[in-house]
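model00.cif follows (mmCIF, C-alpha atoms):
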```
data_input
loop_
_atom_site.label_atom_id
_atom_site.label_comp_id
_atom_site.auth_asym_id
_atom_site.auth_seq_id
_atom_site.Cartn_x
_atom_site.Cartn_y
_atom_site.Cartn_z
CA MET A 121 60.39 103.69 91.57
CA ASN A 122 63.12 103.68 94.21
CA GLU A 123 63.84 106.34 96.79
CA LEU A 124 67.07 106.22 98.76
CA LYS A 125 66.86 108.45 101.81
CA ILE A 126 69.68 109.49 104.15
CA GLU A 127 68.43 111.12 107.36
CA ASP A 128 70.58 112.84 110.02
CA LEU A 129 73.55 110.65 109.15
CA SER A 130 76.63 111.11 111.32
CA CYS A 131 79.63 108.83 111.51
CA LYS A 132 82.88 108.74 113.46
CA ARG A 133 86.10 107.18 112.18
CA GLY A 134 88.32 106.68 115.20
CA GLU A 135 88.08 109.86 117.23
CA SER A 136 87.14 112.20 114.40
CA LYS A 137 83.67 112.82 113.06
CA VAL A 138 83.71 112.50 109.28
CA LEU A 139 80.01 112.83 108.49
CA ASN A 140 77.84 115.29 110.36
CA ASN A 141 74.06 115.34 110.02
CA ILE A 142 73.81 114.51 106.33
CA ASN A 143 70.31 114.62 104.85
CA LEU A 144 69.77 113.53 101.27
CA THR A 145 67.09 111.99 99.11
CA ILE A 146 67.76 110.48 95.73
CA LYS A 147 65.19 108.96 93.40
CA SER A 148 65.22 106.57 90.45
CA GLY A 149 66.80 108.10 87.36
CA GLU A 150 69.00 110.53 89.30
CA THR A 151 72.72 110.90 89.82
CA LEU A 152 74.19 112.41 92.95
CA VAL A 153 77.74 113.75 92.89
CA VAL A 154 79.33 113.86 96.34
CA LYS A 155 82.13 116.38 96.63
CA GLY A 156 84.38 117.27 99.51
CA ARG A 157 87.94 117.64 100.66
CA ASN A 158 90.25 114.67 101.22
CA GLY A 159 89.15 112.85 104.37
CA SER A 160 85.76 114.58 104.47
CA GLY A 161 83.95 111.20 104.43
CA LYS A 162 83.00 110.64 100.78
CA THR A 163 84.25 107.05 100.75
CA THR A 164 82.79 106.49 104.23
CA LEU A 165 79.38 107.59 102.88
CA LEU A 166 79.63 105.07 100.03
CA ARG A 167 80.69 102.32 102.43
CA ILE A 168 77.69 103.13 104.66
CA LEU A 169 75.42 102.97 101.61
CA SER A 170 77.04 99.64 100.68
CA ASN A 171 76.34 98.22 104.15
CA PHE A 172 80.02 97.72 104.96
CA ILE A 173 79.92 100.27 107.76
CA THR A 174 76.98 99.55 110.01
CA SER A 175 77.77 101.59 113.12
CA TYR A 176 76.57 105.13 112.51
CA GLN A 177 73.96 107.54 113.78
CA GLY A 178 70.92 108.38 111.71
CA LYS A 179 69.05 106.33 109.17
CA VAL A 180 69.61 105.17 105.61
CA SER A 181 66.52 103.70 104.01
CA LEU A 182 65.42 102.40 100.66
CA ASN A 183 61.72 102.95 100.09
CA ASP A 184 61.29 103.58 103.83
CA LEU A 185 62.94 100.28 104.83
CA SER A 186 66.30 100.58 106.60
CA ILE A 187 69.09 99.15 104.43
CA LEU A 188 70.33 97.25 107.48
CA GLU A 189 67.06 95.33 107.60
CA ASP A 190 66.59 94.85 103.86
CA ASN A 191 67.95 91.35 103.11
CA LEU A 192 67.81 91.89 99.35
CA TYR A 193 69.58 95.26 99.41
CA ASN A 194 73.08 93.85 98.84
CA ASN A 195 71.98 92.41 95.50
CA LYS A 196 70.70 95.76 94.29
CA PHE A 197 73.89 97.81 94.08
CA ASN A 198 77.16 97.63 92.22
CA LEU A 199 80.04 99.25 94.11
CA ILE A 200 83.17 100.30 92.24
CA GLY A 201 85.68 101.32 94.88
CA GLN A 202 89.00 103.08 94.52
CA LYS A 203 90.88 99.79 94.29
CA ASN A 204 90.66 98.18 90.87
CA SER A 205 89.84 94.65 92.06
CA LEU A 206 92.23 93.24 89.49
CA LYS A 207 94.91 90.57 89.90
CA ASP A 208 98.09 92.05 88.44
CA ASN A 209 99.64 88.67 87.62
CA LEU A 210 96.66 87.55 85.52
CA SER A 211 95.54 88.62 82.06
CA ILE A 212 92.46 90.81 81.58
CA LYS A 213 90.59 87.82 80.20
CA LYS A 214 91.29 85.70 83.29
CA ASN A 215 90.33 88.56 85.60
CA LEU A 216 87.03 88.96 83.78
CA GLU A 217 86.37 85.22 84.01
CA LEU A 218 86.85 85.44 87.79
CA TRP A 219 84.39 88.36 87.97
CA ASP A 220 81.86 86.43 85.89
CA ILE A 221 81.84 83.75 88.59
CA ILE A 222 81.48 86.22 91.47
CA PHE A 223 78.77 88.23 89.70
CA ASN A 224 77.09 85.02 88.51
CA GLU A 225 76.67 86.41 85.02
CA THR A 226 78.59 85.53 81.85
CA LEU A 227 79.29 88.51 79.63
CA ASP A 228 80.49 88.61 76.03
CA HIS A 229 83.88 90.06 76.97
CA ALA A 230 85.31 90.38 73.45
CA LYS A 231 82.32 92.42 72.27
CA LEU A 232 82.15 94.66 75.34
CA LEU A 233 85.89 95.31 75.38
CA GLU A 234 85.76 96.14 71.68
CA HIS A 235 83.22 98.83 72.51
CA ASP A 236 85.67 100.30 75.04
CA ASN A 237 88.57 99.83 72.60
CA LEU A 238 90.28 97.42 74.98
CA ASP A 239 89.81 94.18 73.04
CA ARG A 240 93.41 94.20 71.74
CA LEU A 241 94.64 94.03 75.34
CA ILE A 242 92.56 91.07 76.44
CA ASN A 243 95.50 88.68 76.81
CA ARG A 244 97.85 91.21 78.40
CA ASP A 245 98.73 90.89 82.09
CA VAL A 246 96.99 93.56 84.13
CA GLY A 247 100.31 94.44 85.80
CA SER A 248 101.62 95.76 82.47
CA LEU A 249 98.70 98.18 81.92
CA SER A 250 98.67 101.90 82.68
CA ASP A 251 96.60 103.20 85.61
CA GLY A 252 94.06 104.62 83.16
CA GLN A 253 93.67 101.28 81.41
CA LYS A 254 93.30 99.52 84.76
CA LYS A 255 90.58 102.00 85.73
CA CYS A 256 88.74 101.30 82.46
CA ILE A 257 88.87 97.57 83.13
CA SER A 258 87.71 98.18 86.71
CA LEU A 259 84.71 100.14 85.39
CA TYR A 260 83.95 97.20 83.10
CA ARG A 261 82.03 95.80 86.10
CA LEU A 262 79.28 98.30 85.29
CA ASN A 263 78.36 95.97 82.42
CA TYR A 264 76.92 93.49 84.90
CA ASN A 265 73.28 94.15 84.49
CA LYS A 266 71.17 93.30 87.44
CA TYR A 267 71.68 96.39 89.54
CA GLU A 268 69.45 99.30 90.49
CA PHE A 269 72.21 101.43 92.04
CA TRP A 270 75.76 102.26 91.12
CA PHE A 271 78.05 103.51 93.87
CA LEU A 272 81.20 104.85 92.25
CA ASP A 273 84.16 106.03 94.30
CA GLU A 274 86.27 108.52 92.30
CA PRO A 275 85.44 106.85 88.98
CA PHE A 276 86.98 109.59 86.81
CA VAL A 277 90.47 109.44 88.32
CA TYR A 278 93.08 108.43 85.68
CA LEU A 279 90.51 108.53 82.86
CA ASP A 280 91.28 110.55 79.72
CA GLU A 281 88.70 112.80 78.05
CA VAL A 282 87.35 110.07 75.76
CA ASN A 283 86.87 107.58 78.58
CA THR A 284 85.43 110.27 80.88
CA ASN A 285 82.79 111.08 78.26
CA SER A 286 82.14 107.40 77.67
CA LEU A 287 81.54 106.88 81.42
CA ILE A 288 79.21 109.91 81.57
CA GLU A 289 77.30 108.42 78.65
CA LYS A 290 76.99 105.10 80.50
CA ILE A 291 75.73 106.91 83.62
CA ASN A 292 73.15 108.78 81.53
CA ARG A 293 71.92 105.55 79.97
CA PHE A 294 71.69 103.94 83.41
CA ASN A 295 69.67 106.95 84.65
CA GLU A 296 67.36 106.68 81.64
CA ASN A 297 66.68 103.08 82.70
CA MET A 298 65.72 104.46 86.14
CA GLY A 299 68.98 103.50 87.83
CA ILE A 300 70.37 105.58 90.69
CA VAL A 301 74.03 106.63 90.66
CA ILE A 302 75.93 108.04 93.61
CA LEU A 303 79.48 109.00 92.80
CA THR A 304 82.27 110.81 94.55
CA SER A 305 84.45 113.14 92.55
CA ASN A 306 86.77 116.03 93.20
CA ILE A 307 87.36 116.98 89.59
CA ASN A 308 85.22 119.37 87.58
CA LEU A 309 83.08 117.21 85.38
CA PRO A 310 82.18 118.32 81.85
CA LYS A 311 78.52 117.67 82.56
CA LYS A 312 76.22 118.76 85.38
CA PHE A 313 74.41 115.85 86.98
CA HIS A 314 71.05 116.05 88.73
CA LYS A 315 72.30 116.67 92.23
CA GLU A 316 75.54 117.75 93.80
CA VAL A 317 76.39 117.88 97.47
CA ASN A 318 79.43 119.06 99.40
CA ILE A 319 80.25 117.23 102.59
CA MET B 195 79.14 79.92 98.50
CA LEU B 196 79.65 77.49 95.59
CA ASN B 197 80.49 80.42 93.33
CA LEU B 198 83.24 81.50 95.66
CA ILE B 199 84.67 77.97 95.85
CA LYS B 200 84.61 77.79 92.05
CA ARG B 201 86.26 81.20 91.76
CA ASP B 202 89.01 80.40 94.27
CA LEU B 203 89.77 77.07 92.60
CA LEU B 204 90.01 78.77 89.20
CA LEU B 205 92.21 81.50 90.68
CA SER B 206 94.58 78.93 92.15
CA PHE B 207 94.64 77.13 88.80
CA TYR B 208 95.59 80.41 87.09
CA SER B 209 98.22 81.16 89.75
CA SER B 210 99.47 77.59 89.92
CA ALA B 211 103.02 78.66 90.88
CA ASN B 212 101.81 79.29 94.45
CA PHE B 213 100.45 75.79 94.63
CA PHE B 214 103.70 74.24 93.37
CA PHE B 215 105.76 76.35 95.80
CA THR B 216 103.78 74.98 98.73
CA VAL B 217 104.08 71.36 97.65
CA SER B 218 107.80 71.77 96.89
CA PHE B 219 108.36 73.43 100.26
CA PHE B 220 106.66 70.53 102.05
CA VAL B 221 108.66 67.91 100.14
CA LEU B 222 111.96 69.74 100.59
CA ILE B 223 111.59 69.96 104.38
CA LEU B 224 111.05 66.21 104.53
CA ILE B 225 113.88 65.44 102.15
CA LEU B 226 116.27 67.33 104.44
CA ILE B 227 115.76 64.81 107.25
CA PRO B 228 118.10 62.09 105.90
CA PHE B 229 120.79 64.70 105.28
CA ALA B 230 120.69 65.74 108.93
CA PHE B 231 120.04 62.43 110.65
CA GLY B 232 121.38 59.74 108.34
CA THR B 233 119.57 56.96 106.55
CA GLN B 234 119.03 54.38 109.30
CA SER B 235 115.55 53.06 108.69
CA ASP B 236 114.22 52.96 112.30
CA GLN B 237 115.44 56.44 113.10
CA LEU B 238 114.07 57.85 109.83
CA THR B 239 110.66 56.30 110.36
CA ASN B 240 110.34 57.81 113.83
CA LEU B 241 111.57 61.20 112.72
CA PHE B 242 109.21 61.27 109.76
CA LYS B 243 106.15 60.88 112.00
CA GLY B 244 107.03 64.12 113.81
CA VAL B 245 108.68 66.16 111.09
CA VAL B 246 105.79 65.64 108.68
CA TRP B 247 103.66 67.71 111.09
CA ILE B 248 106.24 70.45 111.29
CA ALA B 249 106.41 70.47 107.48
CA LEU B 250 102.61 70.70 107.27
CA ALA B 251 102.53 73.53 109.83
CA LEU B 252 105.18 75.53 107.96
CA SER B 253 103.49 74.89 104.60
CA ILE B 254 100.22 76.26 105.98
CA ILE B 255 101.99 79.28 107.50
CA ILE B 256 103.48 80.31 104.14
CA THR B 257 100.03 80.22 102.53
CA VAL B 258 98.27 82.33 105.15
CA ASP B 259 98.65 85.60 103.22
CA ARG B 260 96.79 84.13 100.27
CA ILE B 261 93.57 83.43 102.16
CA TYR B 262 92.17 86.95 102.56
CA ASN B 263 95.06 89.40 102.16
CA ALA B 264 95.50 89.08 98.40
CA ASP B 265 91.80 89.83 97.81
CA TYR B 266 91.89 92.61 100.39
CA GLU B 267 94.82 94.36 98.76
CA ASP B 268 93.40 94.39 95.24
CA GLY B 269 89.83 95.21 96.33
CA ASN B 270 88.17 91.90 95.42
CA LEU B 271 87.27 91.28 99.06
CA ASP B 272 84.72 94.11 98.88
CA ILE B 273 82.95 92.44 95.96
CA ILE B 274 83.11 89.02 97.59
CA MET B 275 81.72 90.32 100.89
CA GLN B 276 78.97 92.22 99.12
CA LYS B 277 77.88 89.09 97.21
CA ASN B 278 78.05 86.90 100.33
CA LYS B 279 76.00 88.71 102.91
CA THR B 280 76.23 85.78 105.33
CA ILE B 281 79.92 86.04 106.10
CA GLU B 282 79.99 82.62 107.75
CA TYR B 283 79.27 81.02 104.34
CA LEU B 284 82.15 82.99 102.88
CA VAL B 285 84.42 81.72 105.65
CA ILE B 286 83.35 78.10 105.14
CA SER B 287 84.02 78.33 101.43
CA LYS B 288 87.50 79.69 102.19
CA TYR B 289 88.11 76.71 104.53
CA VAL B 290 87.14 74.33 101.76
CA THR B 291 89.27 75.93 99.05
CA HIS B 292 92.28 76.51 101.28
CA TRP B 293 92.29 72.91 102.41
CA PHE B 294 91.64 71.62 98.90
CA ILE B 295 94.37 73.70 97.26
CA TYR B 296 97.13 73.56 99.86
CA CYS B 297 96.52 70.48 102.08
CA LEU B 298 95.04 67.87 99.77
CA PRO B 299 98.11 67.80 97.46
CA LEU B 300 100.33 67.24 100.49
CA LEU B 301 98.18 64.28 101.56
CA VAL B 302 98.26 62.89 98.02
CA ILE B 303 102.07 62.82 97.91
CA LEU B 304 102.33 61.49 101.46
CA PRO B 305 102.29 57.77 100.46
CA ILE B 306 105.22 58.33 98.08
CA LEU B 307 107.21 60.14 100.76
CA SER B 308 106.42 57.56 103.43
CA PHE B 309 107.76 54.87 101.10
CA LEU B 310 111.07 56.76 101.01
CA PHE B 311 111.15 56.79 104.80
CA TYR B 312 110.60 53.01 105.17
CA LEU B 313 107.10 53.35 106.64
CA ASP B 314 104.95 50.28 106.23
CA TYR B 315 101.45 50.25 104.83
CA LEU B 316 99.70 50.44 108.23
CA GLU B 317 101.87 53.28 109.54
CA THR B 318 101.27 55.26 106.37
CA ILE B 319 97.50 54.90 106.77
CA GLN B 320 97.70 56.00 110.42
CA ILE B 321 99.73 59.09 109.55
CA PHE B 322 97.42 59.84 106.64
CA ILE B 323 94.32 59.70 108.89
CA ASN B 324 95.96 61.92 111.52
CA LEU B 325 97.14 64.46 108.93
CA PHE B 326 93.77 64.42 107.20
CA ILE B 327 91.93 65.30 110.41
CA GLY B 328 94.57 67.62 111.84
CA SER B 329 95.09 69.59 108.63
CA PHE B 330 91.49 70.85 108.85
CA GLY B 331 92.13 72.20 112.34
CA MET B 332 95.29 73.94 111.15
CA VAL B 333 93.41 75.48 108.20
CA PHE B 334 90.73 76.80 110.59
CA ILE B 335 93.45 78.44 112.70
CA ALA B 336 95.21 79.89 109.64
CA ASN B 337 91.91 81.41 108.47
CA PHE B 338 91.20 83.32 111.64
CA VAL B 339 94.78 84.55 111.93
CA SER B 340 94.57 85.74 108.33
CA ALA B 341 91.26 87.54 108.95
CA LEU B 342 92.43 89.19 112.17
CA THR B 343 95.60 90.53 110.58
CA LEU B 344 93.88 91.83 107.43
CA GLY B 345 95.44 94.96 106.09
CA ALA B 346 98.63 94.62 108.10
CA LYS B 347 101.50 94.47 105.65
CA ARG B 348 104.58 92.24 105.85
CA THR B 349 103.36 90.49 108.96
CA ILE B 350 104.17 86.90 108.05
CA PHE B 351 106.44 86.63 111.11
CA LEU B 352 103.72 88.00 113.39
CA LYS B 353 101.28 85.50 111.90
CA ALA B 354 103.80 82.68 112.37
CA ILE B 355 104.31 83.68 116.02
CA ILE B 356 100.54 83.59 116.60
CA MET B 357 100.00 80.37 114.71
CA ILE B 358 102.88 78.16 115.85
CA PRO B 359 101.76 77.92 119.53
CA LEU B 360 98.23 77.12 118.33
CA PHE B 361 99.63 74.35 116.12
CA VAL B 362 101.55 72.74 119.02
CA PRO B 363 98.69 70.50 120.25
CA PHE B 364 98.28 69.14 116.71
CA ILE B 365 102.01 68.42 116.48
CA ILE B 366 102.05 66.74 119.93
CA PHE B 367 99.11 64.45 119.28
CA GLY B 368 99.62 64.09 115.53
CA SER B 369 102.72 61.96 115.76
CA ASP B 370 100.93 59.40 117.94
CA ALA B 371 99.19 56.80 115.79
CA GLY B 372 96.07 56.23 117.88
CA SER B 373 95.31 59.84 118.70
CA TRP B 374 92.96 60.67 115.85
CA PRO B 375 89.96 61.17 118.21
CA ILE B 376 91.94 63.88 120.06
CA LEU B 377 92.85 65.50 116.72
CA LEU B 378 89.22 65.36 115.70
CA GLY B 379 88.26 67.10 118.93
CA LEU B 380 90.95 69.74 118.43
CA SER B 381 89.83 70.34 114.84
CA MET B 382 86.19 70.67 115.90
CA LEU B 383 87.14 73.11 118.66
CA SER B 384 89.24 75.09 116.16
CA PHE B 385 86.27 75.21 113.78
CA VAL B 386 83.89 76.58 116.41
CA ILE B 387 86.33 79.27 117.51
CA SER B 388 87.61 80.03 114.02
CA ILE B 389 84.28 80.56 112.29
CA TYR B 390 83.25 83.10 114.91
CA VAL B 391 86.59 84.92 115.07
CA THR B 392 87.15 84.91 111.28
CA ALA B 393 83.69 86.34 110.61
CA TYR B 394 84.32 88.95 113.31
CA GLY B 395 87.67 89.86 111.72
CA LEU B 396 86.08 90.27 108.29
CA ARG B 397 83.23 92.40 109.67
CA LEU B 398 85.82 94.54 111.42
CA TYR B 399 87.58 95.03 108.10
CA GLY B 400 84.31 96.11 106.49
CA GLU B 401 83.88 98.78 109.11
#
```
As C-alpha cells, what does this structure read like?
Amino acid sequence: MNELKIEDLSCKRGESKVLNNINLTIKSGETLVVKGRNGSGKTTLLRILSNFITSYQGKVSLNDLSILEDNLYNNKFNLIGQKNSLKDNLSIKKNLELWDIIFNETLDHAKLLEHDNLDRLINRDVGSLSDGQKKCISLYRLNYNKYEFWFLDEPFVYLDEVNTNSLIEKINRFNENMGIVILTSNINLPKKFHKEVNI
Amino acid sequence: MLNLIKRDLLLSFYSSANFFFTVSFFVLILILIPFAFGTQSDQLTNLFKGVVWIALALSIIITVDRIYNADYEDGNLDIIMQKNKTIEYLVISKYVTHWFIYCLPLLVILPILSFLFYLDYLETIQIFINLFIGSFGMVFIANFVSALTLGAKRTIFLKAIIMIPLFVPFIIFGSDAGSWPILLGLSMLSFVISIYVTAYGLRLYGE
C-alpha cells in the first residue's frame, strides 16, 4: 500500500509563485485529477512529483520518505508529458523499438497496437500522423508494466471519444491493480475520478 | 548507461542520413584544399595536417544540435533523464555515442584521405593518433555547449562562436606531430570540466 503525501508545497517559477501551500494525500488505487487555469502550476506539480524540479518549499513524500531521498523512486513512476516523445522522421515501429530499449522491456507491439486499432499504421512515419494518433502512440508507454504511479500531463488532449473512454478504462484497470494516477486535465471528463483538486 | 548507448546507436542507424552528411562534409572540406592551393605534394601535405583539424572542428559543430536538443524537443530527454538518475552516467554515454557515431568514421577514412595528400605511412599514423586523442576533447566541449544551450532554438551560430575558441588549442597543437601528450592533457581537462558543466546544464533544464 503506497501513500503519496504533498505537504505545504509552494514553488516559484522565475518571479511568480505558481504553487501555494498545496496539501494532498493520495493512496494506492486512487486517481487524482488536477485542474486549474493555464499557468496555474499543474505541469510544475507533475515535474515536482517526477523529481525534475527539486527546489521547492514543503515536502513530498512516499510512505513518509521524501522523494528526494528515495533512490528507487524514479523507477516507480511513468511520466507522460505534453510532448509526445516521438521522432517524426521514424516509423511508429522504430520509435517503439527505441522506447523498448529505454524502458528495458520488450513489448509485443503488433498485439498491443491492434488493441488500440493502430496496428495498420505501424510502418507509417510519425510525422505523417494526426495529433490524435500521435497522442495515442505517446500513451502507448502506459503499456510498460513495472510502474506503481502514472503521472499524466493533459492526457486527453486531441483524443476522440473512443480513445478517451479507452484511456479511462486503462486508468481504472491500473487503479484496480492498486496503481496511483495523477493527471492534469482542463476538459470535463465523462467519468468522475476519486479525487479532484483545483490549483 | 549501456541501454542509452544502445538506443543512441540504433537511433543513428535509423537516421543514417545525419551520419553520412557529417562524413561527406568532412571529406568535402578536405577535397577543397587542392582546388584552392594547387597539387604540389609538399604544400598539400603541410596544409592537410592543419586543415584536417579545421574539418574535424566544423564537422563536430554541425552535429552539436543532435546531442541533446533533438531529444529535448520531442520530449525523449525527460524519459532518458528519469531512467538515468545519475546524470553523469547519462553524459558519459552521450560522449561515447557521439564520438562513436561522428568521430570514428572520420578517423576510419583518414588513411584514404592522407594517401590522396601524399602523406607517408608514419605521418598518417601521427595525425591519426593526434586526431584520435583530440577528437575526444572536442566531443567533451561539444557536449557541454549542447547542454548549456538546451531549449534555445536556431542557435547553431551561437554554439559555433562558443565552441571555436575552445577548439583553438586543439588545432594549434594538433598539427604538430609530437604533441599528443599535450592533446591528451587538453582532452582530460575538457573531460573534467565538461562532465560537471554538462550535468549542471541538464539539471538546469529539468528545473
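You will find CA of Val317 in chain A at 29.1 Å from CA of Arg397 in chain B.
Residues matched by the PyMOL selection byres ((chain B and resi 345) around 10) in this structure: Tyr262, Asn263, Ala264, Tyr266, Glu267, Ser340, Ala341, Leu342, Thr343, Leu344, Ala346, Lys347, Arg348, Thr349 and Tyr399 of chain B.
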Using all atoms listed in the file, find each residue of chain A with at least one atom at most 8 Å away from an atom of chain B; report its shortest atom-to-atom pair and that distance in Å (one decimal), sort the rows by chain and rising residue number, and return the result as a Markdown table.
```
| residue | atom | partner | partner_atom | distance |
| --- | --- | --- | --- | --- |
| A:Ser170 | CA | B:Gln276 | CA | 7.8 |
| A:Phe172 | CA | B:Gly400 | CA | 4.8 |
| A:Ile173 | CA | B:Glu401 | CA | 4.4 |
| A:Thr174 | CA | B:Glu401 | CA | 7.0 |
| A:Ser175 | CA | B:Glu401 | CA | 7.8 |
| A:Asn194 | CA | B:Gln276 | CA | 6.1 |
| A:Asn195 | CA | B:Lys277 | CA | 7.0 |
| A:Leu199 | CA | B:Ile273 | CA | 7.6 |
| A:Gly201 | CA | B:Gly269 | CA | 7.5 |
| A:Lys203 | CA | B:Gly269 | CA | 5.1 |
| A:Asn204 | CA | B:Gly269 | CA | 6.3 |
| A:Ser205 | CA | B:Gly269 | CA | 4.3 |
| A:Leu206 | CA | B:Asp268 | CA | 6.0 |
| A:Lys207 | CA | B:Asp268 | CA | 6.7 |
| A:Asn209 | CA | B:Ser209 | CA | 7.9 |
| A:Leu210 | CA | B:Tyr208 | CA | 7.4 |
| A:Lys214 | CA | B:Tyr208 | CA | 7.8 |
| A:Leu218 | CA | B:Arg201 | CA | 5.8 |
| A:Ile221 | CA | B:Asn197 | CA | 5.9 |
| A:Ile222 | CA | B:Asn197 | CA | 6.2 |
| A:Phe223 | CA | B:Lys277 | CA | 7.6 |
| A:Asn224 | CA | B:Asn197 | CA | 7.5 |
```
Those same residues - C-alpha atoms - I'd like them written as an mmCIF file, in the frame of the given file.
```cif
data_model
loop_
_atom_site.group_PDB
_atom_site.id
_atom_site.type_symbol
_atom_site.label_atom_id
_atom_site.label_comp_id
_atom_site.auth_asym_id
_atom_site.auth_seq_id
_atom_site.Cartn_x
_atom_site.Cartn_y
_atom_site.Cartn_z
ATOM 1 C CA SER A 170 77.040 99.640 100.680
ATOM 2 C CA PHE A 172 80.020 97.720 104.960
ATOM 3 C CA ILE A 173 79.920 100.270 107.760
ATOM 4 C CA THR A 174 76.980 99.550 110.010
ATOM 5 C CA SER A 175 77.770 101.590 113.120
ATOM 6 C CA ASN A 194 73.080 93.850 98.840
ATOM 7 C CA ASN A 195 71.980 92.410 95.500
ATOM 8 C CA LEU A 199 80.040 99.250 94.110
ATOM 9 C CA GLY A 201 85.680 101.320 94.880
ATOM 10 C CA LYS A 203 90.880 99.790 94.290
ATOM 11 C CA ASN A 204 90.660 98.180 90.870
ATOM 12 C CA SER A 205 89.840 94.650 92.060
ATOM 13 C CA LEU A 206 92.230 93.240 89.490
ATOM 14 C CA LYS A 207 94.910 90.570 89.900
ATOM 15 C CA ASN A 209 99.640 88.670 87.620
ATOM 16 C CA LEU A 210 96.660 87.550 85.520
ATOM 17 C CA LYS A 214 91.290 85.700 83.290
ATOM 18 C CA LEU A 218 86.850 85.440 87.790
ATOM 19 C CA ILE A 221 81.840 83.750 88.590
ATOM 20 C CA ILE A 222 81.480 86.220 91.470
ATOM 21 C CA PHE A 223 78.770 88.230 89.700
ATOM 22 C CA ASN A 224 77.090 85.020 88.510
#
```
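Those residues that approach Met121 in chain A to within 8 Å, counting all atoms listed in the file, are Lys147, Ser148 and Met298 of chain A; same-chain residues fewer than 6 positions away are not listed.
The residues caught by the PyMOL selection byres ((chain A and resi 245-257) around 7) in this file are Asn204, Lys207, Asp208, Asn209, Leu210, Ser211, Ile212, Asn243, Arg244, Ser258, Leu259, Tyr260, Tyr278 and Leu279 of chain A.
Residue nearest Phe213 in chain B, chosen from B:Thr280, B:Phe294, B:Phe231, B:Pro363 and counting only C-alpha atoms: B:Phe294.
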Residues at most 6 Å from Asp239 in chain A, counting only C-alpha atoms, excluding those fewer than 5 positions away in the same chain, as a CSV table (one decimal) with C-alpha atoms, in the frame of the given file?
```csv
chain,number,residue,atom,x,y,z
A,230,ALA,CA,85.3,90.4,73.4
A,233,LEU,CA,85.9,95.3,75.4
A,234,GLU,CA,85.8,96.1,71.7
```
task: Report as a PyMOL selection string the residues that result from applying the PyMOL selection byres ((chain A and resi 177) around 10) to the structure here.
output: chain A and resi 127-132+139-141+174-176+178-180
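Straight-line separation from CA of Phe367 in chain B to CA of Phe214 in chain B: 28.1 Å.
CA of Phe313 in chain A is positioned 19.4 Å from CA of Ile142 in chain A.
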